[in-house]
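Novice: Next up is a structure, given as structure tokens.
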Amino acid sequence: MNRFGYAVCQFVYGSLRFSRGISLDSHLSNARVANSPFRNLRWEEGNNSNDGQKWQTLEHRGPLFPPEYEPLPNNVSFYYGGEPMKLSLAAEEVATFYAKMLEHEYTSKEAFQKNFFTDWKEVMSDDDRKTIKKLSKCDFSELHKYFVNKSEEKKNMSKQEKQALKEEGSRLTEEYGYCLLDGHREKIGNFRVEPPGLFRGRGEHPKMGKLKKRIHSVDVIINCSKDSKIPAPPSGKKWKRVQHDNTVTWLASWVENVQKHTKYIMLNPSSKLKGEKDWQKYEVARSLKLEVDSIRHQYQQDWSSREMKTRQRGVALYFIDKLALRAGNEKEDDTADTVGCCSLRVEHISLHESLDGQEWVVEFDFLGKDSIRYYNKVPVEKRVFKSLKIFMENKDPEDDLFDRISTTYLNKKLNEYMTGLSAKVFRTFNASTTLQDQLSKLTKEDMTVEEKILSYNRANRAVAILCNHQRAAPKTFEKSMQLLQEKIQKKKEQIEQAKKELKKAKKAHKEHPSDRSKKLVEQKENAVRRLEEQLKKLELQVTDREENKVIALGTSKLNYLDPRISVAWCKKYNVPIEKIYNKTQREKFAWAIDMTDADFQF
DNA sequence: TTCCAGACTTGGGTCCAGTGGA
DNA sequence: TCCACTGGACCCAAGTCTGGAA
């Protein structure tokens with residue numbers, strides 16, 4: 001219980017689907033077991049262990065390694081200065097990474113070329129290095145063509161060959177794609193070790209083009225329970241270490257060489273462990289609803305504080321709440337220059353006492369996560385505006401706007417307001433609240449299912465816009481829109497024709513009434529109605545797609561919108577859940593689908 | 001108090017299998 | 001049957017946040 005009287009939910013598995021102590025092998029033979037670990041289970045509040053233990057038993061097969069490098073055939077050559085050249089095996093492998101990327105724009109970038117060439121030289125043999133002095137003299141085109149042909153060949157494989165490949169894939173997924181956690185057979189999210197290749201960061205990443213080295217078993221740490229069958233490393237090889245830490249959820253890990261970050265093999269979102277965590281996340285966000293008024297009141301008071309730190313905190317929190325900005329942790333230097341709230345610099349905002357007929361406008365323009373641009377003009381309260389003016393005084397453009405605060409400080413303060421509260425909770429809270437509000441505004445009982453879905457997508461879109469989830473317009477967008485328009489035109493012509501036929505049938509019926517003529521009129525009426533419905537559906541599709549051109553709905557749907565809101569909405573308005581969530585999403589949100597009634601309120 | 005690493009969530013891009021229309 | 005298109009699985013980078021060491 002926190003000081004606001006809110007009990008942070010704890011989660012217990014009501015009834016176990018599998019008995020404990022069952023072995024992985026016995027389950028691997030049965031692919032059909034346990035589609036959803038939540039189905040038929042009772043979720044209830046209770047006492048989970050509070051010592052940070054995530055599981056009692058964990059057994060798995062270890063990660064699946066990518067295939068070894070297959071040397072190029074003799075008739076495919078790399079050229080240096082116009083002359084064919086046989087590279088050492090290691091250098092050849094890295095050359096193929098570059099060759100495969102030749103069509104990408106970024107291979108033309110200076111940083112990419114420089115990083116690649118430096119790392120490539122490192123794996124070259126002395127002989128290779130003696131010859132190869134300049135990247136500009138390297139010709140990878142034959143290698144590139146070889147891989148293009150290879151992928152073409154794969155496309156043109158016979159049905160049987162494709163089937164065999166698919167079966168092999170399924171076999172591997174069966175063997176490596178599942179683990180046994182506390183007796184439950186759970187899907188693993190990413191059971192493959194990342195293959196070697198060239199690092200491609202997002203945006204202007206200073207490390208783009210660097211070599212991501214091959215990971216061997218000796219680099220991999222295995223995490224499983226003591227009494228489980230320890231996964232076998234590839235024959236003749238060893239693991240870096242085998243540990244039995246049940247306070248973490250990962251199954252295997254290694255450190256990648258480019259950014260020195262740890263990579264993990266973890267469970268699929270449909271798993272019990274991830275599901276519980278997700279539920280917990282939405283419960284914390286829901287509980288913010290009870291506190292948000294007092295928190296808002298508090299940060300508004302902070303705008304007038306004499307202490308600069310408090311004042312900055314008040315304004316930063318206001319941005320995080322109102323604009324759903326990310327916290328904005330400090331970043332390492334050798335990454336793309338992106339920012340969030342706390343790391344905003346003076347150059348990222350402009351102040352306008354009046355703009356487009358509005359007063360006290362702040363213009364934001366910065367690159368956020370993944371180098372996605374955030375551009376927004378927002379009228380703010382006068383006190384916020386004045387405070388920002390003070391924060392910017394005597395500062396250079398590249399100075400921090402909020403120089404007195406950090407994300408750690410902000411989150412500490414937030415945790416004082418409410419247990420479990422951190423900056424990102426506001427994003428979840430505001431996203432889910434927006435969805436719920438929009439759904440209630442946009443949905444009407446008498447709508448068709450298609451109209452309701454359009455309303456849902458519009459509500460979802462409002463959230464995506466709030467969270468700045470943008471995407472590049474699909475490459476085939478214009479073409480597919482044109483196709484849709486053509487379909488609409490055709491449908492209109494069909495309606496015209498059908499109406500003519502109806503008129504004719506009515507006339508005939510009037511002149512010589514009979515059962516047959518009456519039936520014909522009904523048939524024609526039905527045809528017109530059906531066509532008009534089809535037209536309406538197509539027009540809705542156009543609207544939906546147009547509005548969705550550069551907005552990505554998936555991210556908010558998967559990460560920010562409490563699924564119980566969607567499930568309740570589906571139940572209330574008789575929309576099949578399949579129209580809102582695809583199979584994977586239904587698996588991830590099985591807990592919500594199981595537990596939510598039509599009257600759920602976030 | 002600061003720094004840093006570890007653990008986990010969030011995120012857009014890519015690619016390919018499946019689908020539906022010609 | 002073929003082909004174009006698209007949804008969704010997969011990939012892996014890039015965030016957030018916490019806890020412990022210095």
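Naming works like this for the structure tokens: A, B, ... for the chains as they're shown, residue 1 at the start of each chain, ligands 1 onward in shown order.
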Excluding range 1-3 of chain C and its own-chain neighbours fewer than 6 positions away, which residues fall within 12 Å of it when counting only C-alpha atoms (C1' of nucleotides)? Please give them as a list of chain:residue names.
Specialist: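 Within the cut-off, the hits are B:DT19, B:DG20, B:DG21, B:DA22.
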Novice: Now that the selection is made, can you save its residues with C-alpha atoms (C1' of nucleotides) as an mmCIF file, in the first residue's frame?
Specialist:
data_model
loop_
_atom_site.group_PDB
_atom_site.id
_atom_site.type_symbol
_atom_site.label_atom_id
_atom_site.label_comp_id
_atom_site.auth_asym_id
_atom_site.auth_seq_id
_atom_site.Cartn_x
_atom_site.Cartn_y
_atom_site.Cartn_z
ATOM 1 C "C1'" DT B 19 -4.269 -13.817 -50.205
ATOM 2 C "C1'" DG B 20 -7.203 -12.255 -53.627
ATOM 3 C "C1'" DG B 21 -7.990 -10.505 -58.135
ATOM 4 C "C1'" DA B 22 -7.058 -10.907 -63.099
#
Novice: Could you please select, counting only C-alpha atoms (C1' of nucleotides), the residues of chain A within 9 Å of chain B and state them as a VMD selection string?
Specialist: chain A and resid 248 to 250 262 369 to 370 469 to 472 552 555 559
Novice: Let me see the file: selected residues, all heavy atoms, as an mmCIF file, in the first residue's frame.
Specialist:
data_model
loop_
_atom_site.group_PDB
_atom_site.id
_atom_site.type_symbol
_atom_site.label_atom_id
_atom_site.label_comp_id
_atom_site.auth_asym_id
_atom_site.auth_seq_id
_atom_site.Cartn_x
_atom_site.Cartn_y
_atom_site.Cartn_z
ATOM 1 N N VAL A 248 16.218 -12.818 -12.863
ATOM 2 C CA VAL A 248 16.101 -12.223 -14.206
ATOM 3 C C VAL A 248 15.299 -13.160 -15.108
ATOM 4 O O VAL A 248 15.136 -14.341 -14.802
ATOM 5 C CB VAL A 248 17.479 -11.945 -14.847
ATOM 6 C CG1 VAL A 248 18.239 -10.903 -14.068
ATOM 7 C CG2 VAL A 248 18.297 -13.226 -14.982
ATOM 8 N N THR A 249 14.797 -12.596 -16.209
ATOM 9 C CA THR A 249 13.895 -13.375 -17.057
ATOM 10 C C THR A 249 14.575 -13.914 -18.323
ATOM 11 O O THR A 249 13.945 -14.617 -19.093
ATOM 12 C CB THR A 249 12.687 -12.522 -17.494
ATOM 13 O OG1 THR A 249 13.173 -11.442 -18.304
ATOM 14 C CG2 THR A 249 11.932 -11.970 -16.317
ATOM 15 N N TRP A 250 15.828 -13.533 -18.554
ATOM 16 C CA TRP A 250 16.448 -13.953 -19.822
ATOM 17 C C TRP A 250 17.023 -15.359 -19.770
ATOM 18 O O TRP A 250 17.378 -15.870 -18.708
ATOM 19 C CB TRP A 250 17.492 -12.934 -20.276
ATOM 20 C CG TRP A 250 18.559 -12.558 -19.300
ATOM 21 C CD1 TRP A 250 18.536 -11.504 -18.433
ATOM 22 C CD2 TRP A 250 19.830 -13.212 -19.101
ATOM 23 N NE1 TRP A 250 19.698 -11.457 -17.708
ATOM 24 C CE2 TRP A 250 20.517 -12.493 -18.103
ATOM 25 C CE3 TRP A 250 20.447 -14.320 -19.660
ATOM 26 C CZ2 TRP A 250 21.790 -12.852 -17.667
ATOM 27 C CZ3 TRP A 250 21.715 -14.675 -19.233
ATOM 28 C CH2 TRP A 250 22.366 -13.937 -18.239
ATOM 29 N N THR A 262 24.669 -5.553 -23.965
ATOM 30 C CA THR A 262 24.297 -6.946 -23.770
ATOM 31 C C THR A 262 23.031 -7.242 -24.570
ATOM 32 O O THR A 262 22.089 -6.453 -24.559
ATOM 33 C CB THR A 262 24.019 -7.228 -22.281
ATOM 34 O OG1 THR A 262 25.060 -6.638 -21.516
ATOM 35 C CG2 THR A 262 23.948 -8.710 -22.007
ATOM 36 N N LYS A 369 13.580 9.641 -30.198
ATOM 37 C CA LYS A 369 14.011 8.242 -30.317
ATOM 38 C C LYS A 369 13.996 7.791 -31.784
ATOM 39 O O LYS A 369 13.070 8.139 -32.526
ATOM 40 C CB LYS A 369 13.071 7.353 -29.485
ATOM 41 C CG LYS A 369 13.482 5.896 -29.485
ATOM 42 C CD LYS A 369 12.559 5.045 -28.641
ATOM 43 C CE LYS A 369 12.971 3.592 -28.787
ATOM 44 N NZ LYS A 369 12.088 2.683 -28.092
ATOM 45 N N ASP A 370 14.984 7.010 -32.152
ATOM 46 C CA ASP A 370 15.119 6.506 -33.527
ATOM 47 C C ASP A 370 15.279 7.624 -34.547
ATOM 48 O O ASP A 370 14.996 7.438 -35.729
ATOM 49 C CB ASP A 370 13.922 5.639 -33.925
ATOM 50 C CG ASP A 370 13.854 4.348 -33.137
ATOM 51 O OD1 ASP A 370 14.926 3.838 -32.775
ATOM 52 O OD2 ASP A 370 12.754 3.864 -32.877
ATOM 53 N N HIS A 469 4.205 8.672 -33.136
ATOM 54 C CA HIS A 469 4.592 7.426 -33.803
ATOM 55 C C HIS A 469 4.425 7.587 -35.304
ATOM 56 O O HIS A 469 3.344 7.394 -35.847
ATOM 57 C CB HIS A 469 3.748 6.257 -33.297
ATOM 58 C CG HIS A 469 4.027 5.900 -31.881
ATOM 59 N ND1 HIS A 469 3.075 5.415 -31.020
ATOM 60 C CD2 HIS A 469 5.176 5.975 -31.170
ATOM 61 C CE1 HIS A 469 3.617 5.205 -29.832
ATOM 62 N NE2 HIS A 469 4.892 5.535 -29.903
ATOM 63 N N GLN A 470 5.522 7.947 -35.942
ATOM 64 C CA GLN A 470 5.470 8.181 -37.380
ATOM 65 C C GLN A 470 6.091 7.023 -38.132
ATOM 66 O O GLN A 470 6.891 6.282 -37.603
ATOM 67 C CB GLN A 470 6.251 9.436 -37.724
ATOM 68 C CG GLN A 470 5.750 10.675 -37.061
ATOM 69 C CD GLN A 470 6.536 11.883 -37.515
ATOM 70 O OE1 GLN A 470 6.875 12.010 -38.671
ATOM 71 N NE2 GLN A 470 6.847 12.761 -36.585
ATOM 72 N N ARG A 471 5.721 6.909 -39.386
ATOM 73 C CA ARG A 471 6.376 5.936 -40.239
ATOM 74 C C ARG A 471 6.567 6.573 -41.613
ATOM 75 O O ARG A 471 5.890 7.550 -41.959
ATOM 76 C CB ARG A 471 5.524 4.676 -40.369
ATOM 77 C CG ARG A 471 4.174 4.935 -41.021
ATOM 78 C CD ARG A 471 3.538 3.645 -41.495
ATOM 79 N NE ARG A 471 2.265 3.939 -42.150
ATOM 80 C CZ ARG A 471 1.496 3.021 -42.683
ATOM 81 N NH1 ARG A 471 1.864 1.767 -42.654
ATOM 82 N NH2 ARG A 471 0.360 3.324 -43.267
ATOM 83 N N ALA A 472 7.469 5.990 -42.382
ATOM 84 C CA ALA A 472 7.624 6.448 -43.752
ATOM 85 C C ALA A 472 6.393 5.966 -44.517
ATOM 86 O O ALA A 472 5.909 4.867 -44.279
ATOM 87 C CB ALA A 472 8.884 5.830 -44.340
ATOM 88 N N ALA A 552 2.049 5.400 -37.602
ATOM 89 C CA ALA A 552 2.181 3.980 -37.261
ATOM 90 C C ALA A 552 1.280 3.680 -36.069
ATOM 91 O O ALA A 552 1.461 4.238 -34.997
ATOM 92 C CB ALA A 552 3.630 3.670 -36.925
ATOM 93 N N THR A 555 2.640 0.527 -32.763
ATOM 94 C CA THR A 555 3.416 0.749 -31.548
ATOM 95 C C THR A 555 2.524 1.080 -30.358
ATOM 96 O O THR A 555 2.673 0.504 -29.279
ATOM 97 C CB THR A 555 4.414 1.885 -31.773
ATOM 98 O OG1 THR A 555 5.168 1.561 -32.933
ATOM 99 C CG2 THR A 555 5.337 2.044 -30.601
ATOM 100 N N ASN A 559 2.028 -1.307 -27.129
ATOM 101 C CA ASN A 559 2.801 -0.906 -25.948
ATOM 102 C C ASN A 559 2.144 0.102 -25.012
ATOM 103 O O ASN A 559 2.576 0.243 -23.878
ATOM 104 C CB ASN A 559 4.147 -0.336 -26.382
ATOM 105 C CG ASN A 559 4.953 -1.352 -27.145
ATOM 106 O OD1 ASN A 559 5.240 -2.425 -26.649
ATOM 107 N ND2 ASN A 559 5.298 -1.020 -28.373
#
Novice: So how far away is CA of Leu466 in chain A from CA of Val542 in chain A, in Å?
Specialist: 22.7 Å
Novice: Mind giving me the straight-line distance from CA of Tyr409 in chain A to CA of Leu290 in chain A in Å, one decimal?
Specialist: 22.8 Å
Novice: Using DSSP on the backbone coordinates, identify all residues within range 57-267 of chain A classified as strand (DSSP E or B); present the result as an mmCIF file with N, CA and C atoms, in the first residue's frame.
Specialist:
data_model
loop_
_atom_site.group_PDB
_atom_site.id
_atom_site.type_symbol
_atom_site.label_atom_id
_atom_site.label_comp_id
_atom_site.auth_asym_id
_atom_site.auth_seq_id
_atom_site.Cartn_x
_atom_site.Cartn_y
_atom_site.Cartn_z
ATOM 1 N N LEU A 58 13.469 -23.283 -14.829
ATOM 2 C CA LEU A 58 13.603 -22.803 -16.214
ATOM 3 C C LEU A 58 14.490 -23.763 -16.985
ATOM 4 N N GLU A 59 13.928 -24.304 -18.042
ATOM 5 C CA GLU A 59 14.687 -25.242 -18.862
ATOM 6 C C GLU A 59 14.516 -24.887 -20.334
ATOM 7 N N LEU A 64 19.817 -20.648 -30.931
ATOM 8 C CA LEU A 64 20.163 -21.262 -32.213
ATOM 9 C C LEU A 64 21.172 -20.347 -32.915
ATOM 10 N N PHE A 78 35.624 -10.958 -56.396
ATOM 11 C CA PHE A 78 35.786 -9.574 -55.935
ATOM 12 C C PHE A 78 36.891 -8.969 -56.802
ATOM 13 N N TYR A 79 36.770 -7.674 -57.147
ATOM 14 C CA TYR A 79 37.787 -7.030 -57.990
ATOM 15 C C TYR A 79 38.435 -5.867 -57.240
ATOM 16 N N TYR A 80 39.712 -5.761 -57.392
ATOM 17 C CA TYR A 80 40.397 -4.569 -56.845
ATOM 18 C C TYR A 80 41.146 -3.889 -57.983
ATOM 19 N N GLU A 83 41.042 -5.663 -61.235
ATOM 20 C CA GLU A 83 41.611 -7.020 -61.326
ATOM 21 C C GLU A 83 40.898 -7.962 -60.355
ATOM 22 N N PRO A 84 40.578 -9.190 -60.800
ATOM 23 C CA PRO A 84 39.979 -10.131 -59.857
ATOM 24 C C PRO A 84 40.941 -10.463 -58.726
ATOM 25 N N MET A 85 40.394 -10.638 -57.528
ATOM 26 C CA MET A 85 41.266 -10.893 -56.375
ATOM 27 C C MET A 85 40.604 -11.903 -55.440
ATOM 28 N N CYS A 138 37.611 -0.819 -54.739
ATOM 29 C CA CYS A 138 37.008 -2.143 -54.550
ATOM 30 C C CYS A 138 35.725 -2.263 -55.365
ATOM 31 N N ASP A 139 35.582 -3.383 -56.019
ATOM 32 C CA ASP A 139 34.385 -3.621 -56.816
ATOM 33 C C ASP A 139 33.662 -4.866 -56.277
ATOM 34 N N TYR A 178 10.912 -22.872 -27.793
ATOM 35 C CA TYR A 178 10.103 -22.987 -26.575
ATOM 36 C C TYR A 178 10.970 -23.329 -25.376
ATOM 37 N N CYS A 179 10.498 -22.917 -24.213
ATOM 38 C CA CYS A 179 11.196 -23.322 -22.989
ATOM 39 C C CYS A 179 10.139 -23.812 -22.007
ATOM 40 N N LEU A 180 10.608 -24.340 -20.910
ATOM 41 C CA LEU A 180 9.692 -24.732 -19.843
ATOM 42 C C LEU A 180 9.964 -23.837 -18.654
ATOM 43 N N LEU A 181 8.987 -22.991 -18.339
ATOM 44 C CA LEU A 181 9.165 -22.082 -17.213
ATOM 45 C C LEU A 181 8.123 -22.425 -16.158
ATOM 46 N N HIS A 184 5.443 -24.576 -17.352
ATOM 47 C CA HIS A 184 4.644 -24.170 -18.510
ATOM 48 C C HIS A 184 5.514 -24.110 -19.746
ATOM 49 N N ARG A 185 4.986 -24.623 -20.827
ATOM 50 C CA ARG A 185 5.712 -24.516 -22.084
ATOM 51 C C ARG A 185 5.468 -23.108 -22.626
ATOM 52 N N GLU A 186 6.511 -22.326 -22.718
ATOM 53 C CA GLU A 186 6.377 -20.933 -23.131
ATOM 54 C C GLU A 186 7.147 -20.676 -24.423
ATOM 55 N N LYS A 187 6.575 -19.789 -25.242
ATOM 56 C CA LYS A 187 7.235 -19.406 -26.483
ATOM 57 C C LYS A 187 8.387 -18.453 -26.170
ATOM 58 N N ILE A 188 9.495 -18.653 -26.860
ATOM 59 C CA ILE A 188 10.623 -17.729 -26.703
ATOM 60 C C ILE A 188 10.498 -16.651 -27.780
ATOM 61 N N ARG A 192 17.119 -16.983 -31.843
ATOM 62 C CA ARG A 192 18.307 -17.030 -32.714
ATOM 63 C C ARG A 192 19.342 -16.019 -32.270
ATOM 64 N N GLY A 197 27.243 -9.099 -39.337
ATOM 65 C CA GLY A 197 26.840 -8.196 -40.420
ATOM 66 C C GLY A 197 27.419 -6.819 -40.170
ATOM 67 N N LEU A 198 26.913 -5.848 -40.900
ATOM 68 C CA LEU A 198 27.390 -4.487 -40.680
ATOM 69 C C LEU A 198 26.359 -3.734 -39.856
ATOM 70 N N LEU A 211 31.675 -3.432 -38.193
ATOM 71 C CA LEU A 211 31.442 -4.876 -38.298
ATOM 72 C C LEU A 211 30.857 -5.440 -37.008
ATOM 73 N N LYS A 212 29.703 -6.064 -37.151
ATOM 74 C CA LYS A 212 29.103 -6.785 -36.027
ATOM 75 C C LYS A 212 29.619 -8.201 -36.119
ATOM 76 N N ILE A 221 26.266 -16.540 -22.409
ATOM 77 C CA ILE A 221 25.947 -16.978 -21.043
ATOM 78 C C ILE A 221 24.562 -17.624 -21.079
ATOM 79 N N ILE A 222 24.465 -18.779 -20.451
ATOM 80 C CA ILE A 222 23.185 -19.490 -20.393
ATOM 81 C C ILE A 222 22.598 -19.299 -18.999
ATOM 82 N N ASN A 223 21.315 -18.989 -18.946
ATOM 83 C CA ASN A 223 20.630 -18.872 -17.665
ATOM 84 C C ASN A 223 19.499 -19.897 -17.604
ATOM 85 N N ARG A 241 29.498 -19.270 -19.874
ATOM 86 C CA ARG A 241 29.157 -19.562 -18.477
ATOM 87 C C ARG A 241 27.733 -20.109 -18.424
ATOM 88 N N VAL A 242 27.459 -20.904 -17.438
ATOM 89 C CA VAL A 242 26.074 -21.305 -17.189
ATOM 90 C C VAL A 242 25.720 -20.804 -15.805
ATOM 91 N N GLN A 243 24.664 -20.016 -15.709
ATOM 92 C CA GLN A 243 24.271 -19.475 -14.408
ATOM 93 C C GLN A 243 22.821 -19.834 -14.100
ATOM 94 N N ALA A 252 19.439 -16.481 -22.269
ATOM 95 C CA ALA A 252 20.828 -16.462 -22.731
ATOM 96 C C ALA A 252 21.203 -15.018 -23.039
ATOM 97 N N SER A 253 22.483 -14.700 -22.964
ATOM 98 C CA SER A 253 22.923 -13.342 -23.278
ATOM 99 C C SER A 253 24.338 -13.352 -23.819
ATOM 100 N N TRP A 254 24.679 -12.289 -24.533
ATOM 101 C CA TRP A 254 26.052 -12.083 -25.002
ATOM 102 C C TRP A 254 26.256 -10.591 -25.181
ATOM 103 N N VAL A 255 27.491 -10.173 -25.303
ATOM 104 C CA VAL A 255 27.784 -8.754 -25.492
ATOM 105 C C VAL A 255 28.167 -8.544 -26.950
ATOM 106 N N THR A 262 24.669 -5.553 -23.965
ATOM 107 C CA THR A 262 24.297 -6.946 -23.770
ATOM 108 C C THR A 262 23.031 -7.242 -24.570
ATOM 109 N N LYS A 263 23.051 -8.353 -25.269
ATOM 110 C CA LYS A 263 21.867 -8.789 -26.009
ATOM 111 C C LYS A 263 21.283 -9.995 -25.280
ATOM 112 N N TYR A 264 19.960 -10.114 -25.287
ATOM 113 C CA TYR A 264 19.326 -11.189 -24.527
ATOM 114 C C TYR A 264 18.397 -12.054 -25.381
ATOM 115 N N ILE A 265 18.295 -13.308 -24.979
ATOM 116 C CA ILE A 265 17.222 -14.169 -25.472
ATOM 117 C C ILE A 265 16.154 -14.113 -24.395
ATOM 118 N N LEU A 267 11.616 -14.178 -23.396
ATOM 119 C CA LEU A 267 10.351 -14.836 -23.715
ATOM 120 C C LEU A 267 9.507 -14.002 -24.670
#
Novice: Report the residues of range 123-203 of chain A whose backbone DSSP state falls under helix (DSSP H, G or I), written as an MDAnalysis selection string.
Specialist: chainID A and resid 123 126:131 135:137 141:155 159:176
Novice: For those residues, write N, CA and C atoms to a file as a compact mmCIF listing (two decimals), in the first residue's frame.
Specialist:
# COMPACT_ATOMS: atom_id res chain seq x y z
N VAL A 123 40.11 -7.59 -40.32
CA VAL A 123 39.94 -9.05 -40.49
C VAL A 123 40.70 -9.58 -41.71
N ASP A 126 47.35 -10.53 -44.08
CA ASP A 126 48.41 -9.57 -44.42
C ASP A 126 48.46 -9.33 -45.93
N ASP A 127 48.27 -10.42 -46.68
CA ASP A 127 48.29 -10.29 -48.15
C ASP A 127 47.17 -9.40 -48.65
N ASP A 128 45.96 -9.65 -48.09
CA ASP A 128 44.81 -8.81 -48.49
C ASP A 128 45.14 -7.34 -48.24
N ARG A 129 45.66 -7.12 -47.04
CA ARG A 129 45.91 -5.74 -46.59
C ARG A 129 46.98 -5.05 -47.44
N LYS A 130 47.95 -5.85 -47.90
CA LYS A 130 49.01 -5.27 -48.73
C LYS A 130 48.43 -4.72 -50.03
N THR A 131 47.44 -5.42 -50.56
CA THR A 131 46.87 -5.01 -51.86
C THR A 131 45.81 -3.93 -51.70
N LEU A 135 39.01 1.92 -50.50
CA LEU A 135 37.68 1.33 -50.72
C LEU A 135 37.17 1.68 -52.11
N SER A 136 37.53 2.87 -52.57
CA SER A 136 37.01 3.32 -53.87
C SER A 136 37.47 2.43 -55.02
N LYS A 137 38.55 1.68 -54.80
CA LYS A 137 39.04 0.80 -55.87
C LYS A 137 38.44 -0.61 -55.76
N SER A 141 30.51 -5.59 -57.14
CA SER A 141 29.28 -5.75 -57.92
C SER A 141 28.99 -7.21 -58.29
N GLU A 142 30.04 -7.99 -58.54
CA GLU A 142 29.78 -9.38 -58.91
C GLU A 142 29.21 -10.15 -57.70
N LEU A 143 29.72 -9.82 -56.53
CA LEU A 143 29.21 -10.44 -55.30
C LEU A 143 27.74 -10.08 -55.11
N HIS A 144 27.49 -8.79 -55.34
CA HIS A 144 26.12 -8.29 -55.17
C HIS A 144 25.16 -9.04 -56.10
N LYS A 145 25.60 -9.16 -57.35
CA LYS A 145 24.77 -9.83 -58.36
C LYS A 145 24.53 -11.30 -57.95
N TYR A 146 25.56 -11.90 -57.42
CA TYR A 146 25.46 -13.30 -56.99
C TYR A 146 24.35 -13.46 -55.95
N PHE A 147 24.30 -12.52 -55.00
CA PHE A 147 23.28 -12.64 -53.95
C PHE A 147 21.88 -12.30 -54.47
N VAL A 148 21.82 -11.37 -55.40
CA VAL A 148 20.52 -11.06 -56.01
C VAL A 148 20.00 -12.31 -56.72
N ASN A 149 20.88 -12.95 -57.49
CA ASN A 149 20.47 -14.17 -58.19
C ASN A 149 20.04 -15.25 -57.22
N LYS A 150 20.79 -15.35 -56.14
CA LYS A 150 20.49 -16.38 -55.15
C LYS A 150 19.08 -16.18 -54.56
N SER A 151 18.77 -14.92 -54.27
CA SER A 151 17.45 -14.69 -53.68
C SER A 151 16.36 -14.90 -54.74
N GLU A 152 16.72 -14.62 -55.99
CA GLU A 152 15.79 -14.88 -57.10
C GLU A 152 15.53 -16.39 -57.20
N GLU A 153 16.62 -17.14 -57.10
CA GLU A 153 16.51 -18.61 -57.17
C GLU A 153 15.60 -19.14 -56.06
N LYS A 154 15.78 -18.53 -54.90
CA LYS A 154 14.98 -18.97 -53.76
C LYS A 154 13.49 -18.72 -54.03
N LYS A 155 13.25 -17.56 -54.63
CA LYS A 155 11.86 -17.20 -54.96
C LYS A 155 11.27 -18.20 -55.93
N LYS A 159 7.46 -25.88 -55.35
CA LYS A 159 6.58 -25.96 -54.19
C LYS A 159 7.15 -26.91 -53.14
N GLN A 160 7.66 -28.04 -53.63
CA GLN A 160 8.19 -29.06 -52.72
C GLN A 160 9.42 -28.52 -51.97
N GLU A 161 10.28 -27.83 -52.72
CA GLU A 161 11.49 -27.28 -52.08
C GLU A 161 11.10 -26.27 -51.00
N LYS A 162 10.12 -25.43 -51.36
CA LYS A 162 9.67 -24.42 -50.38
C LYS A 162 9.06 -25.10 -49.16
N GLN A 163 8.30 -26.15 -49.41
CA GLN A 163 7.67 -26.88 -48.31
C GLN A 163 8.74 -27.48 -47.39
N ALA A 164 9.77 -28.06 -48.01
CA ALA A 164 10.84 -28.67 -47.22
C ALA A 164 11.53 -27.63 -46.34
N LEU A 165 11.73 -26.46 -46.93
CA LEU A 165 12.38 -25.37 -46.20
C LEU A 165 11.52 -24.94 -45.00
N LYS A 166 10.23 -24.88 -45.27
CA LYS A 166 9.28 -24.47 -44.23
C LYS A 166 9.28 -25.48 -43.09
N GLU A 167 9.30 -26.74 -43.49
CA GLU A 167 9.28 -27.79 -42.47
C GLU A 167 10.54 -27.75 -41.61
N GLU A 168 11.65 -27.46 -42.25
CA GLU A 168 12.90 -27.35 -41.51
C GLU A 168 12.83 -26.19 -40.52
N GLY A 169 12.23 -25.10 -40.99
CA GLY A 169 12.05 -23.92 -40.11
C GLY A 169 11.19 -24.27 -38.91
N SER A 170 10.10 -24.98 -39.16
CA SER A 170 9.19 -25.36 -38.08
C SER A 170 9.90 -26.29 -37.10
N ARG A 171 10.72 -27.16 -37.66
CA ARG A 171 11.43 -28.11 -36.80
C ARG A 171 12.36 -27.36 -35.83
N LEU A 172 13.04 -26.36 -36.39
CA LEU A 172 13.96 -25.58 -35.55
C LEU A 172 13.20 -24.79 -34.48
N THR A 173 12.06 -24.22 -34.90
CA THR A 173 11.25 -23.48 -33.93
C THR A 173 10.76 -24.41 -32.82
N GLU A 174 10.35 -25.60 -33.22
CA GLU A 174 9.91 -26.57 -32.23
C GLU A 174 11.03 -26.88 -31.24
N GLU A 175 12.23 -27.04 -31.78
CA GLU A 175 13.34 -27.45 -30.92
C GLU A 175 13.87 -26.31 -30.05
N TYR A 176 14.02 -25.14 -30.66
CA TYR A 176 14.67 -24.04 -29.93
C TYR A 176 13.70 -22.95 -29.47
Novice: Counting only C-alpha atoms (C1' of nucleotides), give me one row per residue of chain C with an atom at most 7 Å from an atom of chain A, showing the shortest contact pair and its distance in Å to one decimal, sorted by chain then residue number, as a tab-separated table.
Specialist:
residue	atom	partner	partner_atom	distance
C:DA13	C1'	A:Gly201	CA	6.4
C:DA14	C1'	A:Asp370	CA	6.3
C:DG15	C1'	A:Lys369	CA	6.5
Novice: What is the CA of Ser88 in chain A to CA of Lys114 in chain A distance in Å?
Specialist: 20.7 Å
